[in-house]
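Chemist: Once you've had a glance at the structure underneath, I'll fire off some questions.
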Amino acid sequence: MHTAQDLALAANRVRGEFGLPELDVERVSRFVGQGTGLLVHRALTDDVHGRLDDDSLRRAKAAFERHYREVNGSQSLVFERVPEALLLVREAGLLVGCVTNQPRAFALALLEGAPLLPQLDVVVAGDDVARRKPHPDVILEACARLHAVSGAAILIGDSANDAQAAQAAGCPVVLVETGYNEGESVHGLAGEPGVGGIFPSLLDAARGVIPSALVSAPKQESPASPLRSALP
């Protein structure tokens with residue numbers, strides 16, 4: 001989902017509380033991708049490597065969560081043809097989940113409002129696990145909940161974080177051009193270990209991975225062993 005407008009609105013409200021001028025949406029979007037804590041550090045310092053002192057971070061995170069809760073989903077958009085992509089994966093007999101660094105409450109609210117949640121078999125958020133992407137924890141947790149092994153899943157991601165998390169999880173990955181990669185093109189990740197391709201959209205990626213997912217995934221022996229999975 002295209003959430004930059006909401007994130008920028010919340011970040012700029014926090015900057016206002018700190019007496020700082022607003023940043024444009026494109027600038028804030030470059031700070032997205034590694035969880036709320038880093039986003040707050042970056043947005044308040046206007047620096048991808050910036051860090052707040054502990055007291056400022058505590059106050060800024062509390063303010064950001066308050067403001068983001070108020071605006072979450074208000075200006076967010078579902079990327080084009082995402083519902084069609086999810087339906088295509090499900091019709092192929094694959095399980096589909098969402099793994100995200102966002103806190104669970106925010107992620108579920110977005111997915112419910114989209115509405116995309118009914119199309120997902122599992123959602124694993126950043127605060128469901130000990131470590132966010134680029135660590136593999138969200139992928140491994142999703143696979144565990146789906147009773148699947150990570151090598152039988154395919155991650156469809158949009159960033160270096162996703163590629164690194166998939167590699168660490170032992171999971172194949174393809175990337176899409178939509179989404180956020182800290183302001184960098186995902187085409188710079190072509191040829192990285194485990195990256196099987198780069199597609200313009202989620203629908204293109206789904207069409208590209210379904211044949212290999214059906215071949216590589218173990219057959220379900222019963223409805224209780226759902227081992228075939230794709231994780232966008």
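Naming scheme: A, B, ... for chains in displayed order of the structure tokens; residues 1 onward per chain; ligands 1 onward as shown.
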Need the shell around Pro21 in chain A: protein/DNA/RNA residues with any atom at most 12 Å away, counting only C-alpha atoms. Skip same-chain ones fewer than 3 positions apart. Format as a list in words?

Modeler: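 The filter keeps Ala11, Asn12, Arg13, Val14, Arg15, Gly16, Glu17, Phe18, Asp24, Ala43, Leu44, Thr45 and Asp46 of chain A.
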
Chemist: Give me the residues within 12 Å of Gln119 in chain A as a short mmCIF file (atom, residue, chain, number, x, y, z; two decimals) with C-alpha atoms, in the first residue's frame, counting only C-alpha atoms and dropping any in the same chain fewer than 6 places off.

Modeler:
```cif
data_model
loop_
_atom_site.label_atom_id
_atom_site.label_comp_id
_atom_site.auth_asym_id
_atom_site.auth_seq_id
_atom_site.Cartn_x
_atom_site.Cartn_y
_atom_site.Cartn_z
CA VAL A 82 -3.10 -5.56 -5.89
CA PRO A 83 -6.53 -7.13 -5.20
CA GLU A 84 -6.33 -8.88 -8.57
CA ALA A 85 -2.88 -10.21 -7.70
CA LEU A 86 -4.03 -11.60 -4.36
CA LEU A 87 -7.01 -13.27 -5.99
CA LEU A 88 -4.76 -14.81 -8.65
CA VAL A 89 -2.47 -16.32 -6.01
CA ARG A 90 -5.38 -17.72 -4.03
CA GLU A 91 -7.02 -19.17 -7.13
CA LEU A 94 -1.45 -20.99 -2.70
CA LEU A 95 -1.62 -19.48 0.75
CA VAL A 96 -0.90 -15.77 0.94
CA GLY A 97 0.29 -13.62 3.81
CA CYS A 98 1.58 -10.16 4.60
CA LEU A 111 -5.57 -3.86 5.62
CA GLU A 112 -9.11 -3.83 7.00
CA LEU A 231 4.19 -13.92 0.94
CA PRO A 232 3.88 -10.43 -0.65
#
```

Chemist: Can you pull out every residue within 12 Å of Ala125 in chain A, counting only C-alpha atoms, but drop anything in the same chain fewer than 6 positions away, and send it as an mmCIF file with N, CA, C and O atoms, in the first residue's frame?

Modeler:
```cif
data_model
loop_
_atom_site.group_PDB
_atom_site.id
_atom_site.type_symbol
_atom_site.label_atom_id
_atom_site.label_comp_id
_atom_site.auth_asym_id
_atom_site.auth_seq_id
_atom_site.Cartn_x
_atom_site.Cartn_y
_atom_site.Cartn_z
ATOM 1 N N GLY A 35 10.854 0.378 10.133
ATOM 2 C CA GLY A 35 10.089 0.479 11.357
ATOM 3 C C GLY A 35 9.905 1.900 11.846
ATOM 4 O O GLY A 35 10.576 2.841 11.409
ATOM 5 N N THR A 36 8.972 2.049 12.790
ATOM 6 C CA THR A 36 8.591 3.358 13.298
ATOM 7 C C THR A 36 9.742 4.080 13.994
ATOM 8 O O THR A 36 9.915 5.281 13.833
ATOM 9 N N GLY A 97 0.185 -14.371 2.571
ATOM 10 C CA GLY A 97 0.290 -13.625 3.815
ATOM 11 C C GLY A 97 0.955 -12.288 3.600
ATOM 12 O O GLY A 97 1.462 -11.993 2.510
ATOM 13 N N CYS A 98 0.939 -11.480 4.613
ATOM 14 C CA CYS A 98 1.579 -10.163 4.597
ATOM 15 C C CYS A 98 2.566 -10.095 5.757
ATOM 16 O O CYS A 98 2.190 -10.368 6.908
ATOM 17 N N VAL A 99 3.815 -9.756 5.455
ATOM 18 C CA VAL A 99 4.822 -9.549 6.501
ATOM 19 C C VAL A 99 5.291 -8.103 6.409
ATOM 20 O O VAL A 99 5.636 -7.621 5.338
ATOM 21 N N THR A 100 5.276 -7.407 7.523
ATOM 22 C CA THR A 100 5.536 -5.974 7.516
ATOM 23 C C THR A 100 6.280 -5.557 8.765
ATOM 24 O O THR A 100 6.148 -6.195 9.823
ATOM 25 N N ASN A 101 7.031 -4.473 8.672
ATOM 26 C CA ASN A 101 7.686 -3.898 9.845
ATOM 27 C C ASN A 101 6.758 -2.993 10.640
ATOM 28 O O ASN A 101 7.105 -2.570 11.746
ATOM 29 N N GLN A 102 5.590 -2.666 10.082
ATOM 30 C CA GLN A 102 4.654 -1.804 10.807
ATOM 31 C C GLN A 102 4.154 -2.496 12.072
ATOM 32 O O GLN A 102 4.031 -3.724 12.110
ATOM 33 N N PRO A 103 3.823 -1.727 13.109
ATOM 34 C CA PRO A 103 3.158 -2.318 14.269
ATOM 35 C C PRO A 103 1.843 -2.968 13.859
ATOM 36 O O PRO A 103 1.171 -2.515 12.925
ATOM 37 N N ARG A 104 1.454 -4.007 14.556
ATOM 38 C CA ARG A 104 0.287 -4.798 14.169
ATOM 39 C C ARG A 104 -0.997 -3.962 14.117
ATOM 40 O O ARG A 104 -1.793 -4.095 13.181
ATOM 41 N N ALA A 105 -1.207 -3.127 15.109
ATOM 42 C CA ALA A 105 -2.448 -2.348 15.145
ATOM 43 C C ALA A 105 -2.573 -1.471 13.912
ATOM 44 O O ALA A 105 -3.660 -1.354 13.319
ATOM 45 N N PHE A 106 -1.481 -0.845 13.500
ATOM 46 C CA PHE A 106 -1.512 0.017 12.329
ATOM 47 C C PHE A 106 -1.712 -0.807 11.055
ATOM 48 O O PHE A 106 -2.478 -0.433 10.167
ATOM 49 N N ALA A 107 -1.003 -1.937 10.950
ATOM 50 C CA ALA A 107 -1.093 -2.770 9.750
ATOM 51 C C ALA A 107 -2.499 -3.332 9.572
ATOM 52 O O ALA A 107 -3.057 -3.301 8.460
ATOM 53 N N LEU A 108 -3.094 -3.842 10.645
ATOM 54 C CA LEU A 108 -4.429 -4.411 10.537
ATOM 55 C C LEU A 108 -5.459 -3.363 10.170
ATOM 56 O O LEU A 108 -6.374 -3.621 9.370
ATOM 57 N N ALA A 109 -5.326 -2.173 10.739
ATOM 58 C CA ALA A 109 -6.265 -1.099 10.404
ATOM 59 C C ALA A 109 -6.185 -0.752 8.918
ATOM 60 O O ALA A 109 -7.215 -0.537 8.256
ATOM 61 N N LEU A 111 -5.099 -2.753 6.429
ATOM 62 C CA LEU A 111 -5.572 -3.864 5.623
ATOM 63 C C LEU A 111 -7.083 -4.022 5.696
ATOM 64 O O LEU A 111 -7.733 -4.383 4.700
ATOM 65 N N ARG A 131 12.688 -9.205 16.146
ATOM 66 C CA ARG A 131 13.498 -8.352 15.276
ATOM 67 C C ARG A 131 12.769 -8.126 13.951
ATOM 68 O O ARG A 131 12.269 -9.063 13.345
ATOM 69 N N ARG A 132 12.763 -6.886 13.519
ATOM 70 C CA ARG A 132 12.120 -6.543 12.247
ATOM 71 C C ARG A 132 13.050 -6.852 11.073
ATOM 72 O O ARG A 132 14.236 -7.098 11.246
ATOM 73 N N LYS A 133 12.471 -6.811 9.856
ATOM 74 C CA LYS A 133 13.316 -6.884 8.656
ATOM 75 C C LYS A 133 14.354 -5.768 8.713
ATOM 76 O O LYS A 133 14.032 -4.674 9.172
ATOM 77 N N ASP A 137 12.856 -12.730 10.948
ATOM 78 C CA ASP A 137 11.868 -13.202 11.920
ATOM 79 C C ASP A 137 10.430 -13.161 11.414
ATOM 80 O O ASP A 137 9.653 -14.093 11.659
ATOM 81 N N VAL A 138 10.021 -12.082 10.712
ATOM 82 C CA VAL A 138 8.625 -12.003 10.269
ATOM 83 C C VAL A 138 8.316 -13.096 9.245
ATOM 84 O O VAL A 138 7.209 -13.650 9.231
ATOM 85 N N ILE A 139 9.273 -13.408 8.386
ATOM 86 C CA ILE A 139 9.062 -14.458 7.391
ATOM 87 C C ILE A 139 8.969 -15.818 8.063
ATOM 88 O O ILE A 139 8.066 -16.621 7.776
ATOM 89 N N LEU A 140 9.890 -16.089 8.967
ATOM 90 C CA LEU A 140 9.887 -17.382 9.655
ATOM 91 C C LEU A 140 8.625 -17.555 10.491
ATOM 92 O O LEU A 140 8.058 -18.661 10.544
ATOM 93 N N GLU A 141 8.163 -16.482 11.119
ATOM 94 C CA GLU A 141 6.934 -16.567 11.912
ATOM 95 C C GLU A 141 5.726 -16.816 11.012
ATOM 96 O O GLU A 141 4.839 -17.614 11.352
ATOM 97 N N ALA A 142 5.675 -16.140 9.863
ATOM 98 C CA ALA A 142 4.572 -16.369 8.931
ATOM 99 C C ALA A 142 4.559 -17.809 8.454
ATOM 100 O O ALA A 142 3.495 -18.450 8.392
#
```

Chemist: Taking only C-alpha atoms into account, name the residue in A:Gly73, A:Ser185, A:Gly37, A:Val149 that is nearest to Ser56 in chain A.

Modeler: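 For Ser56 in chain A, the nearest of the given residues is A:Gly37.
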
Chemist: May I ask for the distance between CA of Asp158 in chain A and CA of Val174 in chain A, given in Å to one decimal place?

Modeler: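 Pair CA of Asp158 in chain A / CA of Val174 in chain A returns 8.2 Å.
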
Chemist: Going by DSSP on the backbone, which residues of range 160-213 of chain A come out as strand (DSSP E)? List them as a list in words.

Modeler: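 Taking range 160-213 of chain A and keeping strand (DSSP E) gives Val173, Val174, Leu175, Val176, Val195, Gly196, Gly197, Ile198 and Phe199 of chain A.
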
Chemist: Which residue is closest to Val195 in chain A? Choose from A:Ala163, A:Val25, A:Ala168, A:Val176 and count only C-alpha atoms.

Modeler: A:Ala163

Chemist: So which residues of range 67-158 of chain A fall under alpha helix (DSSP H) by DSSP, listed as a ChimeraX atom specification?

Modeler: /A:67-71,82-91,104-113,137-145

Chemist: Would you compute the distance between CA of Asp6 in chain A and CA of Asn72 in chain A? Give it in Å to one decimal.

Modeler: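 Spanning CA of Asp6 in chain A to CA of Asn72 in chain A is a straight-line distance of 5.9 Å.
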
Chemist: From the set A:Ala148, A:Val122, A:Ile154, A:Arg58, which residue has the shortest atom-to-atom contact distance to Val209 in chain A, counting only C-alpha atoms?

Modeler: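 When distances to Val209 in chain A are compared using only C-alpha atoms, the smallest one comes from A:Ile154.
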
Chemist: Take CA of Ile156 in chain A and CA of Gly196 in chain A and report the distance between them in Å, one decimal.

Modeler: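 These two atoms are separated by 10.0 Å.
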
Chemist: Which residues, written as a PyMOL selection string, have at least one atom at most 10 Å from range 198-201 of chain A, with only C-alpha atoms counted and residues fewer than 5 positions away on the same chain left out?

Modeler: chain A and resi 79-82+85+156-158+173-179+186-187+189-191+206-208

Chemist: Could you write those residues out with N, CA and C atoms, as an mmCIF file, in the first residue's frame?

Modeler:
```cif
data_model
loop_
_atom_site.group_PDB
_atom_site.id
_atom_site.type_symbol
_atom_site.label_atom_id
_atom_site.label_comp_id
_atom_site.auth_asym_id
_atom_site.auth_seq_id
_atom_site.Cartn_x
_atom_site.Cartn_y
_atom_site.Cartn_z
ATOM 1 N N PHE A 79 -1.951 -0.022 -4.087
ATOM 2 C CA PHE A 79 -1.303 0.029 -5.388
ATOM 3 C C PHE A 79 -2.165 -0.678 -6.436
ATOM 4 N N GLU A 80 -2.077 -0.213 -7.660
ATOM 5 C CA GLU A 80 -2.927 -0.693 -8.745
ATOM 6 C C GLU A 80 -2.829 -2.209 -8.902
ATOM 7 N N ARG A 81 -3.997 -2.852 -8.996
ATOM 8 C CA ARG A 81 -4.171 -4.267 -9.306
ATOM 9 C C ARG A 81 -3.674 -5.211 -8.212
ATOM 10 N N VAL A 82 -3.467 -4.683 -7.007
ATOM 11 C CA VAL A 82 -3.098 -5.557 -5.887
ATOM 12 C C VAL A 82 -4.210 -6.557 -5.568
ATOM 13 N N ALA A 85 -4.037 -9.346 -7.933
ATOM 14 C CA ALA A 85 -2.876 -10.211 -7.696
ATOM 15 C C ALA A 85 -3.144 -11.197 -6.564
ATOM 16 N N ILE A 156 7.470 -11.810 -2.056
ATOM 17 C CA ILE A 156 7.386 -10.722 -3.024
ATOM 18 C C ILE A 156 7.579 -9.442 -2.240
ATOM 19 N N GLY A 157 8.707 -8.779 -2.447
ATOM 20 C CA GLY A 157 9.052 -7.604 -1.656
ATOM 21 C C GLY A 157 9.285 -6.390 -2.525
ATOM 22 N N ASP A 158 9.709 -5.300 -1.870
ATOM 23 C CA ASP A 158 9.933 -4.056 -2.622
ATOM 24 C C ASP A 158 11.142 -3.281 -2.132
ATOM 25 N N VAL A 173 13.096 -14.797 -3.334
ATOM 26 C CA VAL A 173 12.446 -13.484 -3.310
ATOM 27 C C VAL A 173 12.446 -12.886 -4.705
ATOM 28 N N VAL A 174 11.353 -12.217 -5.040
ATOM 29 C CA VAL A 174 11.302 -11.347 -6.207
ATOM 30 C C VAL A 174 10.861 -9.979 -5.708
ATOM 31 N N LEU A 175 11.184 -8.943 -6.465
ATOM 32 C CA LEU A 175 10.919 -7.575 -6.037
ATOM 33 C C LEU A 175 9.995 -6.864 -7.015
ATOM 34 N N VAL A 176 9.243 -5.900 -6.500
ATOM 35 C CA VAL A 176 8.384 -5.064 -7.333
ATOM 36 C C VAL A 176 8.843 -3.616 -7.235
ATOM 37 N N GLU A 177 8.525 -2.848 -8.282
ATOM 38 C CA GLU A 177 8.984 -1.464 -8.359
ATOM 39 C C GLU A 177 8.149 -0.528 -7.498
ATOM 40 N N THR A 178 6.953 -0.941 -7.116
ATOM 41 C CA THR A 178 6.121 -0.120 -6.238
ATOM 42 C C THR A 178 6.614 -0.269 -4.806
ATOM 43 N N GLY A 179 6.297 0.680 -3.953
ATOM 44 C CA GLY A 179 6.726 0.595 -2.562
ATOM 45 C C GLY A 179 7.913 1.500 -2.287
ATOM 46 N N VAL A 186 14.805 -0.375 -6.847
ATOM 47 C CA VAL A 186 15.058 -1.786 -6.551
ATOM 48 C C VAL A 186 15.879 -2.448 -7.653
ATOM 49 N N HIS A 187 15.979 -1.794 -8.809
ATOM 50 C CA HIS A 187 16.780 -2.383 -9.884
ATOM 51 C C HIS A 187 18.260 -2.457 -9.501
ATOM 52 N N LEU A 189 19.222 -3.827 -6.994
ATOM 53 C CA LEU A 189 19.361 -5.101 -6.287
ATOM 54 C C LEU A 189 19.388 -6.289 -7.239
ATOM 55 N N ALA A 190 19.258 -6.025 -8.538
ATOM 56 C CA ALA A 190 19.304 -7.108 -9.516
ATOM 57 C C ALA A 190 20.633 -7.854 -9.395
ATOM 58 N N GLY A 191 20.551 -9.155 -9.356
ATOM 59 C CA GLY A 191 21.761 -9.960 -9.236
ATOM 60 C C GLY A 191 22.196 -10.228 -7.813
ATOM 61 N N ALA A 206 3.135 -11.818 -9.234
ATOM 62 C CA ALA A 206 2.323 -13.006 -8.965
ATOM 63 C C ALA A 206 2.283 -13.914 -10.184
ATOM 64 N N ARG A 207 2.074 -13.321 -11.350
ATOM 65 C CA ARG A 207 2.071 -14.121 -12.580
ATOM 66 C C ARG A 207 3.420 -14.802 -12.811
ATOM 67 N N GLY A 208 4.485 -14.128 -12.409
ATOM 68 C CA GLY A 208 5.823 -14.671 -12.619
ATOM 69 C C GLY A 208 6.184 -15.788 -11.669
#
```
